[in-house]
Amino acid sequence: MPTAYGAEFRQDVIDVARKGEAPLSQIAKDFGLSVTTLKRWIAIADRKDAGAGPAPAESVEMRELKKRNRLLEILRRAAAYLARDINPK
């Protein structure tokens with residue numbers, strides 16, 4: 001019969017695996033798991049994390065930062081274009 005592991009134990013193992021300091025096979029061996037079990041836990045956690053998404057305040061901030069980045073990119077290109085006319089090579 002499969003061994004039942006607690007949610008806290010699973011999260012600890014996933015956190016160690018996500019750090020990437022050791023191969024999954026070594027992490028699984030250290031915690032007494034199979035590599036398949038560890039990979040499945042990570043995949044499930046990834047799906048849960050992807051569904052969570054950023055908080056609404058973070059979404060607003062992200063939109064504003066992307067807008068600012070687009071504007072800065074336009075200004076950078078405009079400055080490069082105008083500088084080309086000033087210093088012909």
# chains A, B, ... in the order shown; residues from 1 in each chain; ligands from 1
>>> residues_around(residues="range 42-58 of chain A", least_positions_apart="3", cutoff="10 Å", atoms="only C-alpha atoms", output="ChimeraX atom specification")
/A:10-11,13-15,17-18,36-39,61-64
>>> select_by_dssp(residues="range 3-75 of chain A", states="helix (DSSP H, G or I)", output="JSON, numbers by chain")
{"A": [7, 8, 9, 10, 11, 12, 13, 14, 15, 16, 17, 18, 19, 24, 25, 26, 27, 28, 29, 30, 31, 35, 36, 37, 38, 39, 40, 41, 42, 43, 44, 45, 46, 47, 48, 49, 50, 51, 52, 56, 57, 58, 59, 60, 61, 62, 63, 64, 65, 66, 67, 68, 69, 70, 71, 72, 73, 74, 75]}
>>> atom_distance(atom1="CA of Ser59 in chain A", atom2="CA of Trp41 in chain A")
27.7 Å
>>> atom_distance(atom1="CA of Ala4 in chain A", atom2="CA of Glu21 in chain A")
25.9 Å
>>> atom_distance(atom1="CA of Asp30 in chain A", atom2="CA of Gly6 in chain A")
16.8 Å
>>> residues_around(residues="Leu33 in chain A", least_positions_apart="6", cutoff="10 Å", atoms="only C-alpha atoms", output="PyMOL selection string")
chain A and resi 3+13+25-27
